[in-house]
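Participant: Structure file protein-v4.cif, mmCIF, C-alpha atoms, is pasted below:
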```cif
data_work
loop_
_atom_site.label_atom_id
_atom_site.label_comp_id
_atom_site.auth_asym_id
_atom_site.auth_seq_id
_atom_site.Cartn_x
_atom_site.Cartn_y
_atom_site.Cartn_z
CA MET A 30 223.85 31.67 15.11
CA LYS A 31 226.40 33.00 17.60
CA HIS A 32 229.13 30.36 17.24
CA PHE A 33 230.02 27.66 14.72
CA ILE A 34 230.98 24.58 16.71
CA SER A 35 229.42 21.37 15.42
CA MET A 36 227.31 20.15 12.51
CA ARG A 37 224.95 18.79 15.18
CA ASP A 38 223.95 22.37 15.98
CA ILE A 39 223.04 23.27 12.41
CA GLY A 40 219.82 22.32 10.66
CA LYS A 41 219.09 21.89 6.96
CA GLN A 42 217.75 25.42 6.58
CA GLU A 43 220.84 27.01 8.15
CA ILE A 44 223.12 24.87 6.00
CA LEU A 45 221.33 26.01 2.84
CA GLU A 46 221.39 29.66 3.94
CA LEU A 47 225.13 29.52 4.60
CA LEU A 48 225.81 27.86 1.25
CA ALA A 49 223.72 30.51 -0.50
CA LEU A 50 225.67 33.23 1.30
CA ALA A 51 228.97 31.61 0.29
CA GLU A 52 227.80 31.55 -3.32
CA LYS A 53 226.86 35.23 -3.22
CA ILE A 54 230.29 36.09 -1.84
CA GLU A 55 232.11 33.91 -4.37
CA THR A 56 230.21 35.33 -7.33
CA GLY A 57 230.74 38.90 -6.13
CA LYS A 58 227.04 39.63 -5.56
CA ILE A 59 227.96 40.81 -2.10
CA LYS A 60 231.30 41.75 -0.59
CA PRO A 61 231.13 41.90 3.20
CA ASP A 62 233.60 44.37 4.72
CA LEU A 63 235.70 42.73 7.40
CA SER A 64 238.07 45.71 7.70
CA PRO A 65 236.81 46.81 11.15
CA TYR A 66 237.30 43.31 12.58
CA LEU A 67 240.31 41.51 13.98
CA GLY A 68 240.22 37.70 13.96
CA ALA A 69 242.34 35.53 16.26
CA LEU A 70 243.45 32.36 14.48
CA LEU A 71 244.33 30.06 17.36
CA PHE A 72 245.79 26.88 15.97
CA PHE A 73 246.89 25.24 19.22
CA GLU A 74 247.23 22.16 17.06
CA PRO A 75 249.23 23.28 14.03
CA SER A 76 247.59 23.14 10.62
CA THR A 77 248.64 24.54 7.30
CA ARG A 78 245.76 24.37 4.88
CA THR A 79 242.86 25.19 7.23
CA HIS A 80 244.96 27.98 8.75
CA PHE A 81 245.85 29.44 5.34
CA SER A 82 242.30 29.03 4.12
CA PHE A 83 240.92 31.10 7.03
CA ASP A 84 243.68 33.67 6.67
CA THR A 85 242.96 34.00 2.95
CA ALA A 86 239.21 34.21 3.58
CA ILE A 87 239.72 37.08 6.04
CA LYS A 88 242.30 39.02 4.03
CA LYS A 89 240.31 38.84 0.79
CA LEU A 90 237.51 40.67 2.59
CA ASN A 91 239.99 43.25 3.93
CA GLY A 92 239.90 41.83 7.43
CA LYS A 93 242.84 41.60 9.82
CA SER A 94 244.04 38.64 11.82
CA PHE A 95 246.72 37.47 14.20
CA SER A 96 247.73 33.86 14.58
CA ILE A 97 249.30 31.32 16.85
CA SER A 98 250.44 27.93 15.69
CA GLY A 99 251.14 25.32 18.36
CA THR A 100 251.27 26.10 22.06
CA GLY A 101 254.95 27.14 22.09
CA SER A 102 254.17 30.84 21.80
CA THR A 103 251.38 30.88 24.40
CA SER A 104 251.20 30.86 28.19
CA VAL A 105 249.65 27.37 27.98
CA LYS A 106 253.28 26.29 27.92
CA LYS A 107 253.77 28.06 31.28
CA GLY A 108 250.87 26.16 32.82
CA GLU A 109 248.08 28.64 32.16
CA THR A 110 244.66 27.07 31.74
CA LEU A 111 243.08 27.11 28.29
CA ALA A 112 240.22 29.14 29.79
CA ASP A 113 242.57 31.92 30.91
CA THR A 114 244.47 31.93 27.61
CA LEU A 115 241.21 32.24 25.68
CA LYS A 116 239.72 34.89 27.95
CA THR A 117 242.86 37.00 27.62
CA ILE A 118 243.07 36.70 23.83
CA SER A 119 239.37 37.47 23.52
CA GLN A 120 240.06 40.92 25.00
CA TYR A 121 241.92 41.82 21.78
CA ALA A 122 240.03 40.01 19.04
CA ASP A 123 236.51 40.33 17.59
CA TYR A 124 236.16 36.61 16.88
CA ILE A 125 238.17 33.44 17.35
CA VAL A 126 238.94 30.61 14.97
CA MET A 127 240.26 27.72 16.97
CA ARG A 128 241.81 24.32 16.40
CA HIS A 129 242.72 22.21 19.40
CA SER A 130 243.59 18.55 19.92
CA ILE A 131 241.25 18.35 22.92
CA GLU A 132 237.73 17.23 22.01
CA GLY A 133 235.06 19.74 23.02
CA ALA A 134 237.60 22.58 23.36
CA ALA A 135 235.75 24.82 20.89
CA ARG A 136 232.38 24.24 22.57
CA PHE A 137 233.99 25.08 25.91
CA ALA A 138 235.49 28.26 24.40
CA SER A 139 232.08 29.30 23.05
CA GLU A 140 230.60 29.00 26.54
CA ILE A 141 233.18 31.10 28.34
CA LEU A 142 233.76 33.84 25.73
CA GLU A 143 231.62 36.79 24.71
CA ILE A 144 232.89 36.84 21.11
CA PRO A 145 232.01 34.38 18.31
CA VAL A 146 234.01 31.13 18.17
CA ILE A 147 234.52 29.03 15.05
CA ASN A 148 235.64 25.43 15.47
CA ALA A 149 238.48 24.68 13.04
CA GLY A 150 238.80 21.11 14.35
CA ASP A 151 238.70 19.62 17.86
CA GLY A 152 240.63 16.35 18.15
CA THR A 153 238.80 13.47 16.50
CA ASN A 154 235.45 15.15 17.06
CA GLN A 155 234.27 17.80 14.59
CA HIS A 156 235.63 19.84 11.70
CA PRO A 157 232.44 21.65 10.71
CA THR A 158 233.92 24.22 8.32
CA GLN A 159 235.40 21.33 6.31
CA ALA A 160 231.96 19.68 6.27
CA MET A 161 230.46 22.94 5.00
CA LEU A 162 233.02 23.31 2.22
CA ASP A 163 232.44 19.67 1.28
CA LEU A 164 228.70 20.35 1.07
CA TYR A 165 229.38 23.49 -0.97
CA SER A 166 231.57 21.47 -3.35
CA ILE A 167 228.97 18.74 -3.69
CA ARG A 168 226.18 21.22 -4.38
CA LYS A 169 228.31 23.18 -6.82
CA THR A 170 229.17 20.08 -8.86
CA GLN A 171 225.79 18.34 -8.63
CA GLY A 172 223.45 21.34 -8.58
CA THR A 173 221.75 19.89 -5.49
CA LEU A 174 222.42 18.13 -2.21
CA GLU A 175 219.29 15.99 -2.46
CA ASN A 176 219.06 12.28 -3.38
CA LEU A 177 222.76 11.77 -4.10
CA HIS A 178 224.72 8.51 -4.08
CA ILE A 179 227.88 9.17 -2.12
CA ALA A 180 230.71 6.77 -1.35
CA LEU A 181 233.26 7.42 1.38
CA ILE A 182 236.41 5.34 1.32
CA GLY A 183 239.67 5.00 3.23
CA ASP A 184 240.04 5.64 6.94
CA LEU A 185 236.44 6.07 8.06
CA ARG A 186 237.06 5.40 11.73
CA LEU A 187 239.38 8.22 12.73
CA GLY A 188 238.66 10.84 10.10
CA ARG A 189 236.53 13.55 11.71
CA THR A 190 235.93 14.99 8.24
CA VAL A 191 233.89 12.00 7.10
CA HIS A 192 231.90 11.90 10.33
CA SER A 193 230.92 15.56 10.06
CA LEU A 194 230.05 15.16 6.37
CA VAL A 195 227.82 12.10 6.87
CA GLN A 196 225.97 13.89 9.68
CA ALA A 197 225.64 17.05 7.61
CA LEU A 198 223.98 15.08 4.78
CA HIS A 199 221.41 13.34 7.00
CA GLU A 200 218.55 15.58 5.98
CA PHE A 201 219.23 15.47 2.24
CA ASN A 202 218.00 11.93 1.52
CA PRO A 203 221.40 10.47 0.62
CA THR A 204 222.45 6.89 -0.15
CA PHE A 205 225.84 6.07 1.32
CA TYR A 206 228.47 3.48 0.43
CA PHE A 207 231.35 2.89 2.83
CA ALA A 208 234.56 1.07 1.97
CA ALA A 209 237.27 0.78 4.60
CA PRO A 210 239.77 -1.74 5.96
CA ARG A 211 238.32 -3.91 8.72
CA HIS A 212 239.59 -1.91 11.67
CA LEU A 213 239.12 1.51 10.05
CA LYS A 214 235.40 1.12 9.43
CA MET A 215 232.81 3.80 10.15
CA PRO A 216 232.25 4.03 13.93
CA ALA A 217 229.17 2.36 15.39
CA TYR A 218 227.62 5.64 16.54
CA ILE A 219 227.60 7.02 12.97
CA ILE A 220 226.07 3.77 11.70
CA ASP A 221 223.50 3.81 14.52
CA GLU A 222 222.43 7.34 13.59
CA LEU A 223 221.91 6.26 9.96
CA LYS A 224 219.81 3.29 11.06
CA GLU A 225 217.71 5.46 13.37
CA LYS A 226 216.96 7.83 10.51
CA ASN A 227 216.39 5.04 7.97
CA ILE A 228 219.12 6.39 5.71
CA PRO A 229 220.25 3.67 3.29
CA PHE A 230 223.92 2.72 3.48
CA TYR A 231 226.01 -0.16 2.18
CA GLU A 232 229.35 -1.35 3.50
CA VAL A 233 231.23 -2.62 0.45
CA GLU A 234 234.50 -4.44 -0.11
CA ASP A 235 235.05 -3.68 -3.77
CA ILE A 236 234.48 -0.14 -4.95
CA LYS A 237 234.64 -1.02 -8.66
CA GLU A 238 231.10 -2.39 -8.59
CA ILE A 239 229.55 0.72 -7.10
CA LEU A 240 231.44 3.36 -9.12
CA PRO A 241 228.84 3.56 -11.96
CA LYS A 242 226.11 4.38 -9.41
CA LEU A 243 227.95 7.22 -7.73
CA ASP A 244 227.59 10.98 -7.88
CA ILE A 245 230.39 11.62 -5.39
CA LEU A 246 233.41 9.58 -4.33
CA TYR A 247 234.93 11.02 -1.16
CA VAL A 248 238.42 9.61 -0.63
CA THR A 249 240.46 9.80 2.55
CA ARG A 250 244.01 8.73 3.23
CA ILE A 251 244.67 5.35 4.81
CA GLN A 252 247.28 6.15 7.38
CA LYS A 253 250.04 3.59 7.45
CA GLU A 254 250.89 4.54 11.03
CA ARG A 255 247.46 3.33 12.21
CA PHE A 256 248.37 -0.29 11.46
CA ALA A 257 250.07 -2.32 14.19
CA VAL A 258 251.15 -4.94 11.66
CA LEU A 259 252.68 -3.68 8.42
CA GLU A 260 251.44 -6.76 6.54
CA ASP A 261 247.84 -5.74 7.30
CA TYR A 262 248.48 -2.37 5.70
CA GLU A 263 250.10 -3.96 2.65
CA LYS A 264 247.04 -6.20 2.20
CA VAL A 265 244.52 -3.38 2.02
CA LYS A 266 246.33 -0.33 0.71
CA ASP A 267 245.83 -1.04 -2.99
CA ALA A 268 242.12 -1.79 -2.60
CA TYR A 269 241.53 1.86 -1.90
CA ILE A 270 243.66 3.51 -4.55
CA ILE A 271 241.74 5.41 -7.20
CA THR A 272 243.27 5.47 -10.65
CA ALA A 273 242.04 7.08 -13.87
CA GLY A 274 241.53 3.58 -15.31
CA LEU A 275 238.99 2.76 -12.61
CA LEU A 276 236.80 5.68 -13.63
CA GLU A 277 235.85 4.51 -17.13
CA ASN A 278 232.19 3.78 -16.44
CA VAL A 279 231.26 6.58 -14.09
CA LYS A 280 228.34 8.96 -14.57
CA PRO A 281 229.08 12.28 -16.37
CA ASN A 282 228.32 14.28 -13.20
CA PHE A 283 230.61 12.09 -11.08
CA LYS A 284 233.28 13.86 -9.00
CA VAL A 285 236.15 12.75 -6.75
CA LEU A 286 236.59 14.73 -3.54
CA HIS A 287 239.37 14.51 -0.95
CA PRO A 288 239.97 16.70 2.12
CA LEU A 289 243.72 16.64 1.34
CA PRO A 290 246.57 16.03 1.92
CA ARG A 291 246.65 12.96 -0.30
CA VAL A 292 249.52 10.53 -0.44
CA ASN A 293 248.94 7.84 -3.04
CA GLU A 294 245.24 7.03 -2.63
CA ILE A 295 244.38 9.03 -5.74
CA THR A 296 246.96 8.62 -8.47
CA THR A 297 248.02 11.79 -10.29
CA ASP A 298 246.51 10.57 -13.60
CA VAL A 299 243.09 11.20 -12.02
CA ASP A 300 244.01 14.90 -11.77
CA LYS A 301 243.73 15.20 -15.56
CA THR A 302 240.26 13.66 -15.74
CA PRO A 303 237.10 15.79 -15.58
CA TYR A 304 236.22 13.95 -12.37
CA ALA A 305 238.98 15.37 -10.16
CA TYR A 306 237.62 18.11 -7.97
CA TYR A 307 239.83 18.08 -4.84
CA PHE A 308 241.85 21.23 -5.57
CA GLN A 309 238.72 23.26 -6.40
CA GLN A 310 237.26 21.76 -3.22
CA ALA A 311 240.11 23.29 -1.22
CA LYS A 312 239.51 26.62 -2.96
CA ASN A 313 235.83 26.45 -2.01
CA GLY A 314 236.95 26.68 1.61
CA VAL A 315 237.53 30.41 1.15
CA PRO A 316 233.98 31.59 0.31
CA VAL A 317 232.50 29.10 2.78
CA ARG A 318 234.68 30.38 5.63
CA GLN A 319 233.96 33.96 4.57
CA ALA A 320 230.24 33.18 4.76
CA ILE A 321 230.57 31.70 8.25
CA ILE A 322 232.53 34.71 9.55
CA THR A 323 230.11 37.10 7.86
CA LYS A 324 227.13 35.34 9.43
CA LEU A 325 228.63 35.29 12.94
CA LEU A 326 229.54 38.98 12.74
CA GLN A 327 225.97 39.63 11.56
CA LEU A 328 227.12 41.39 8.41
CA ALA A 329 224.58 39.59 6.21
CA MET B 15 201.85 -19.02 57.68
CA LYS B 16 202.74 -15.66 59.04
CA LYS B 17 203.95 -13.21 56.40
CA GLN B 18 207.39 -12.03 57.33
CA LEU B 19 209.28 -9.04 56.03
CA ILE B 20 212.59 -10.13 54.60
CA VAL B 21 213.96 -6.61 54.85
CA ASP B 22 213.23 -4.62 58.01
CA PRO B 23 211.16 -1.46 57.76
CA ILE B 24 212.79 1.91 58.40
CA LYS B 25 211.34 4.70 60.50
CA ASN B 26 212.34 7.68 58.32
CA GLY B 27 214.13 7.77 55.00
CA THR B 28 213.93 6.48 51.44
CA VAL B 29 213.13 3.13 49.93
CA ILE B 30 214.20 2.48 46.37
CA ASP B 31 211.96 -0.38 45.28
CA HIS B 32 211.65 -2.38 42.07
CA ILE B 33 215.31 -1.98 41.21
CA ALA B 34 216.11 -4.39 38.39
CA ALA B 35 217.49 -7.59 39.94
CA GLY B 36 221.25 -7.40 40.32
CA LYS B 37 221.42 -3.61 39.89
CA SER B 38 221.33 -2.62 43.57
CA PHE B 39 225.11 -2.52 43.90
CA ALA B 40 225.30 -0.24 40.88
CA VAL B 41 222.66 2.02 42.43
CA ALA B 42 224.58 1.99 45.73
CA GLU B 43 227.74 2.88 43.82
CA ILE B 44 226.07 5.80 42.01
CA LEU B 45 224.71 7.16 45.28
CA ASN B 46 228.05 6.56 46.98
CA LEU B 47 226.24 4.75 49.77
CA LYS B 48 229.34 3.04 51.09
CA ASN B 49 230.45 6.35 52.57
CA LEU B 50 227.17 6.91 54.43
CA ASP B 51 226.90 6.28 58.18
CA ASN B 52 223.12 5.86 57.93
CA LEU B 53 221.38 2.52 58.44
CA LEU B 54 221.33 0.86 55.05
CA LEU B 55 219.53 -2.27 53.96
CA ILE B 56 220.04 -3.89 50.59
CA GLY B 57 217.87 -6.78 49.47
CA MET B 58 218.64 -8.69 46.31
CA ASN B 59 216.62 -11.06 44.14
CA LEU B 60 213.40 -10.62 46.08
CA SER B 61 210.29 -11.91 44.37
CA SER B 62 208.10 -9.26 42.80
CA LYS B 63 204.63 -9.54 41.29
CA LYS B 64 205.45 -6.62 39.02
CA ILE B 65 208.86 -7.50 37.63
CA GLY B 66 209.50 -11.11 38.71
CA LYS B 67 212.70 -10.52 40.65
CA LYS B 68 213.78 -7.26 42.13
CA ASP B 69 216.33 -5.58 44.35
CA ILE B 70 215.49 -3.08 47.06
CA ILE B 71 217.48 -0.48 48.97
CA LYS B 72 216.37 1.21 52.19
CA ILE B 73 218.29 4.20 53.47
CA GLU B 74 217.42 5.60 56.85
CA ASN B 75 217.36 9.36 57.41
CA LYS B 76 218.18 10.29 53.84
CA ILE B 77 215.96 11.92 51.26
CA LEU B 78 217.43 11.68 47.78
CA THR B 79 217.97 14.78 45.67
CA GLU B 80 216.38 15.06 42.24
CA ASP B 81 219.78 14.53 40.60
CA GLU B 82 220.34 11.33 42.57
CA VAL B 83 216.89 10.02 41.66
CA ASN B 84 217.49 10.82 37.98
CA SER B 85 220.76 8.92 38.01
CA ILE B 86 219.05 5.82 39.40
CA ALA B 87 216.57 6.01 36.53
CA LEU B 88 219.43 5.71 34.07
CA ILE B 89 220.42 2.24 35.28
CA SER B 90 217.09 0.95 36.56
CA PRO B 91 214.29 2.80 34.79
CA ASP B 92 211.49 0.80 36.44
CA ALA B 93 212.51 1.62 40.00
CA THR B 94 210.00 3.16 42.41
CA LEU B 95 210.88 5.69 45.06
CA VAL B 96 209.14 5.66 48.42
CA VAL B 97 209.63 8.34 51.07
CA ILE B 98 208.96 7.12 54.62
CA GLU B 99 208.15 9.21 57.66
CA ASN B 100 207.47 7.56 61.00
CA TYR B 101 207.01 4.16 59.28
CA GLU B 102 204.34 5.65 56.99
CA VAL B 103 204.61 6.07 53.24
CA ILE B 104 204.22 9.77 52.57
CA LYS B 105 205.23 9.80 48.93
CA LYS B 106 205.60 7.10 46.29
CA TYR B 107 206.47 7.59 42.66
CA LYS B 108 207.97 5.90 39.64
CA ILE B 109 211.22 7.51 38.62
CA LYS B 110 211.74 8.88 35.11
CA ILE B 111 214.75 8.97 32.85
CA PRO B 112 215.87 12.61 32.54
CA PRO B 113 216.60 14.07 29.07
CA LYS B 114 219.93 15.46 30.31
CA VAL B 115 222.33 14.79 33.17
CA HIS B 116 224.37 17.72 34.45
CA LYS B 117 227.70 17.37 36.25
CA HIS B 118 227.14 13.91 37.79
CA ILE B 119 228.54 11.80 34.94
CA VAL B 120 232.29 11.67 34.35
CA CYS B 121 233.15 11.52 30.64
CA PRO B 122 235.13 8.33 29.95
CA ASN B 123 237.02 10.07 27.12
CA SER B 124 240.38 11.17 28.51
CA HIS B 125 240.74 13.60 25.57
CA CYS B 126 237.49 15.35 26.44
CA ILE B 127 237.77 18.94 27.63
CA THR B 128 235.72 18.06 30.74
CA ASN B 129 238.64 15.95 31.96
CA ILE B 130 241.15 18.73 31.36
CA GLU B 131 239.58 22.10 32.21
CA GLU B 132 237.24 23.01 35.04
CA VAL B 133 233.93 22.47 33.30
CA GLU B 134 230.79 20.66 34.41
CA THR B 135 229.81 17.75 32.24
CA GLU B 136 226.50 17.58 30.44
CA PHE B 137 225.16 14.46 28.80
CA ASP B 138 222.13 13.98 26.57
CA VAL B 139 220.27 10.81 27.47
CA MET B 140 218.99 8.56 24.72
CA LYS B 141 216.85 5.56 25.52
CA LYS B 142 216.46 2.84 23.00
CA LYS B 143 216.82 -0.80 23.98
CA LYS B 144 219.50 0.35 26.40
CA VAL B 145 220.15 3.74 27.92
CA GLU B 146 222.95 5.66 26.23
CA VAL B 147 224.41 9.06 26.99
CA ARG B 148 226.24 11.52 24.73
CA CYS B 149 228.74 14.08 25.99
CA LYS B 150 227.81 17.62 25.00
CA TYR B 151 231.49 18.49 24.57
CA CYS B 152 233.36 15.62 22.88
CA GLU B 153 230.05 14.28 21.41
CA LYS B 154 231.08 10.68 22.13
CA LYS B 155 228.27 8.28 22.96
CA TYR B 156 228.46 5.69 25.76
CA GLY B 157 226.32 2.93 27.17
CA ILE B 158 225.25 3.82 30.70
CA GLU B 159 227.31 0.93 32.08
CA GLN B 160 230.46 2.54 30.61
CA VAL B 161 230.26 5.78 32.59
CA LYS B 162 231.03 6.68 36.19
CA PHE B 163 228.93 8.92 38.37
CA LYS B 164 230.05 11.49 40.92
CA PHE B 165 228.06 13.43 43.51
#
```
Could you render the structure as structure tokens?
Facilitator:
Amino acid sequence: MKHFISMRDIGKQEILELLALAEKIETGKIKPDLSPYLGALLFFEPSTRTHFSFDTAIKKLNGKSFSISGTGSTSVKKGETLADTLKTISQYADYIVMRHSIEGAARFASEILEIPVINAGDGTNQHPTQAMLDLYSIRKTQGTLENLHIALIGDLRLGRTVHSLVQALHEFNPTFYFAAPRHLKMPAYIIDELKEKNIPFYEVEDIKEILPKLDILYVTRIQKERFAVLEDYEKVKDAYIITAGLLENVKPNFKVLHPLPRVNEITTDVDKTPYAYYFQQAKNGVPVRQAIITKLLQLA
Amino acid sequence: MKKQLIVDPIKNGTVIDHIAAGKSFAVAEILNLKNLDNLLLIGMNLSSKKIGKKDIIKIENKILTEDEVNSIALISPDATLVVIENYEVIKKYKIKIPPKVHKHIVCPNSHCITNIEEVETEFDVMKKKKVEVRCKYCEKKYGIEQVKFKF
């Protein structure tokens, strides 16, 4: 593995190896030394939590990094091509973590640069390190990734997180449940892939009925700004709000995940239940990102 | 009754036969034939024992490249290619859908890096009921009728 660009590039075995490496790092069984390495955190599209998570991951292993956030501080603003910007920065850094609003930007970077590239999100396409930390969180809470019943709710059309996660789970014999407003449903190409692989999935209107069957409920934010007509938003917004009261009949191993930030789709009373796992999920991003960097630098 | 050729023979060049009926204009578009000075004959809705109705294109003094042939396969997978020299058939073969198409498909996604930086496109080809292609970069999938070709 030279770069980390898309969940499409990574098979079941590699996923399991990376998760095992993340676990070893988190439990202190190994502590890779990143001190000789300088990482470039290129967030051409600004981000706070993914940016901080990578920065934390690097610094906790004694690594060094430099960052950009937005294009304001780069020569892209002066009309330089992305290729030239990347080639120049790659002369200073040992690896690049990159977020860009242009889809395929990270794959392009990996083809023109000699140093490892990690995709930290490319437009609406992929966010593979988020998918990996989601898998890590699922495995940590369930003890396995196999044969799980997983519901994804909210904005399933535009959220790259849910697309990457569904693809990442393909080989683990999952059963999926999707609940989304009419025009924010899971895209056809994701559905087609599930059909091709005979993976069972159900598109549901009411999540109450399916809650007792679930191991994982993955919630995403319904973005008000995606609705052309405010009335349409008002009609659906409450159907996808998770409250503590809704969770009375869930299984003991049940957990609620969310890529964050949340607005009101999970009420704060859920935070006090044993089912809330979204803040630990964010924390899991650190060992997972450490494992990915460690792997690409061939330190384990 | 004397059998008569509906479309005249050519002396040297390429015949694309058994094009799915109605697809010859799309083939001509892909190959950018409107900008050729060569003699060009297009026959549409001819009867065919093999496929019922077919289209046919004859291009004088042009041998198609492998990339051009592959692109035809994407929109008319049953087409046959015939190379003519001095009115004789010297080569005849059924074209095959390629697993990948390099640089000749333009990604319809305006947010794809291939439409922003200087980078050659690459598409994986998937054939189910219809031919679909997926961009290696933005990973979006399109029906073959949704994409444009360039040579």
Participant: Contacts from chain A to chain B, 6 Å maximum, all atoms listed in the file: show me the residue list as a JSON list (two decimals) with C-alpha atoms, keeping the file's coordinate frame.
Facilitator:
```json
[["chain", "number", "residue", "atom", "x", "y", "z"],
["A", 131, "ILE", "CA", 241.25, 18.35, 22.92],
["A", 132, "GLU", "CA", 237.73, 17.23, 22.01],
["A", 133, "GLY", "CA", 235.06, 19.74, 23.02],
["A", 134, "ALA", "CA", 237.60, 22.58, 23.36]]
```
Participant: Check which residues satisfy the PyMOL selection byres ((chain B and resi 160) around 10) in the file shown, then give them as an mmCIF file with C-alpha atoms, in the frame of the given file.
Facilitator:
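Everything below was put into part.cif:
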```
data_model
loop_
_atom_site.group_PDB
_atom_site.id
_atom_site.type_symbol
_atom_site.label_atom_id
_atom_site.label_comp_id
_atom_site.auth_asym_id
_atom_site.auth_seq_id
_atom_site.Cartn_x
_atom_site.Cartn_y
_atom_site.Cartn_z
ATOM 1 C CA CYS B 121 233.150 11.520 30.640
ATOM 2 C CA PRO B 122 235.130 8.330 29.950
ATOM 3 C CA GLU B 146 222.950 5.660 26.230
ATOM 4 C CA VAL B 147 224.410 9.060 26.990
ATOM 5 C CA LYS B 155 228.270 8.280 22.960
ATOM 6 C CA TYR B 156 228.460 5.690 25.760
ATOM 7 C CA GLY B 157 226.320 2.930 27.170
ATOM 8 C CA ILE B 158 225.250 3.820 30.700
ATOM 9 C CA GLU B 159 227.310 0.930 32.080
ATOM 10 C CA VAL B 161 230.260 5.780 32.590
ATOM 11 C CA LYS B 162 231.030 6.680 36.190
#
```
Participant: Measuring between all atoms listed in the file, which one of B:Glu136, B:Asn49, B:Thr94, B:Ala35 shows the shortest distance to Gly66 (chain B)?
Facilitator: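 Among the listed residues, the smallest separation from Gly66 (chain B) belongs to B:Ala35.
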Participant: Run through the PyMOL selection byres ((chain B and resi 38-48) around 9) on the given coordinates and return the selected residues as a PyMOL selection string.
Facilitator: chain B and resi 33-37+49-52+54+56-58+68-71+73+78+82+85-86+89-90+162-165
Participant: Report, in Å with one decimal, the straight-line distance from CA of Leu286 (chain A) to CA of Thr153 (chain A).
Facilitator: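 It comes out at 20.2 Å.
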Participant: Would you pick out the contacts of region 55-71 of chain A at 9 Å or less, using only C-alpha atoms, so that residues sharing its chain but fewer than 6 positions from it are not included, and give the list as a ChimeraX atom specification?
Facilitator: /A:80,83-84,87-99,118-119,121-129,313,315-317,319-320,322-323,326,328-329
Participant: Please evaluate the PyMOL selection byres ((chain A and resi 145) around 8) against the displayed coordinates and give the resulting residues as a PDB file with C-alpha atoms, keeping the file's coordinate frame.
Facilitator:
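Result file follows (selection-v1.pdb):
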```
ATOM      1  CA  LYS A  31     226.400  33.000  17.600  1.00  0.00           C
ATOM      2  CA  HIS A  32     229.130  30.360  17.240  1.00  0.00           C
ATOM      3  CA  PHE A  33     230.020  27.660  14.720  1.00  0.00           C
ATOM      4  CA  ASP A 123     236.510  40.330  17.590  1.00  0.00           C
ATOM      5  CA  TYR A 124     236.160  36.610  16.880  1.00  0.00           C
ATOM      6  CA  ILE A 125     238.170  33.440  17.350  1.00  0.00           C
ATOM      7  CA  SER A 139     232.080  29.300  23.050  1.00  0.00           C
ATOM      8  CA  LEU A 142     233.760  33.840  25.730  1.00  0.00           C
ATOM      9  CA  GLU A 143     231.620  36.790  24.710  1.00  0.00           C
ATOM     10  CA  ILE A 144     232.890  36.840  21.110  1.00  0.00           C
ATOM     11  CA  VAL A 146     234.010  31.130  18.170  1.00  0.00           C
ATOM     12  CA  ILE A 147     234.520  29.030  15.050  1.00  0.00           C
ATOM     13  CA  LEU A 325     228.630  35.290  12.940  1.00  0.00           C
ATOM     14  CA  LEU A 326     229.540  38.980  12.740  1.00  0.00           C
TER      15      LEU A 326
END
```
Participant: For CA of Ala51 (chain A) and CA of Tyr307 (chain A), quote the distance in Å rounded to one decimal.
Facilitator: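 About the pair CA of Ala51 (chain A) and CA of Tyr307 (chain A): they are 18.1 Å apart.
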Participant: Build an axis-aligned box that encloses every atom of region 34-48 of chain A listed in the file, pad it by 8 Å on each side, and report its centre and edge lengths in Å to one decimal, as lines of an AutoDock Vina configuration file.
Facilitator:
```
center_x = 224.4
center_y = 24.2
center_z = 9.0
size_x = 29.2
size_y = 26.9
size_z = 31.5
```
Participant: To one decimal place, how far is CA of Phe308 (chain A) from CA of His287 (chain A) in Å?
Facilitator: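 CA of His287 (chain A) lies at a distance of 8.5 Å from CA of Phe308 (chain A).
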Participant: Distance cut-off 6 Å, centre (229.6, 17.9, 32.9) in file coordinates, counting only C-alpha atoms: which residues qualify? Return them as a PyMOL selection string.
Facilitator: chain B and resi 116-117+134-136
Participant: Which residues, written as a PDB file with C-alpha atoms, in the coordinates of the input, have at least one atom at most 8 Å from Gln171 (chain A), with all atoms listed in the file counted and residues fewer than 4 positions away on the same chain left out?
Facilitator:
```
ATOM      1  CA  ILE A 167     228.970  18.740  -3.690  1.00  0.00           C
ATOM      2  CA  ASP A 244     227.590  10.980  -7.880  1.00  0.00           C
ATOM      3  CA  ASN A 282     228.320  14.280 -13.200  1.00  0.00           C
TER       4      ASN A 282
END
```
Participant: List as a Markdown table every residue of region 161-187 of chain A that is in contact with region 212-226 of chain A, defined as an atom at most 10 Å from one of its atoms (using all atoms listed in the file), together with the nearest atom pair and the distance in Å rounded to one decimal, sorted by chain and then rising number.
Facilitator:
```
| residue | atom | partner | partner_atom | distance |
| --- | --- | --- | --- | --- |
| A:Leu181 | CA | A:Met215 | CA | 9.5 |
| A:Ile182 | CA | A:Lys214 | CA | 9.2 |
| A:Gly183 | CA | A:Leu213 | CA | 7.7 |
| A:Asp184 | CA | A:Leu213 | CA | 5.3 |
| A:Leu185 | CA | A:Met215 | CA | 4.8 |
| A:Arg186 | CA | A:Leu213 | CA | 4.7 |
| A:Leu187 | CA | A:Leu213 | CA | 7.2 |
```
Participant: Can you work out which one of A:Phe230, A:Ile54, A:Ala112, A:Arg37 has the shortest atom-to-atom distance to Ala86 (chain A), counting all atoms listed in the file?
Facilitator: A:Ile54
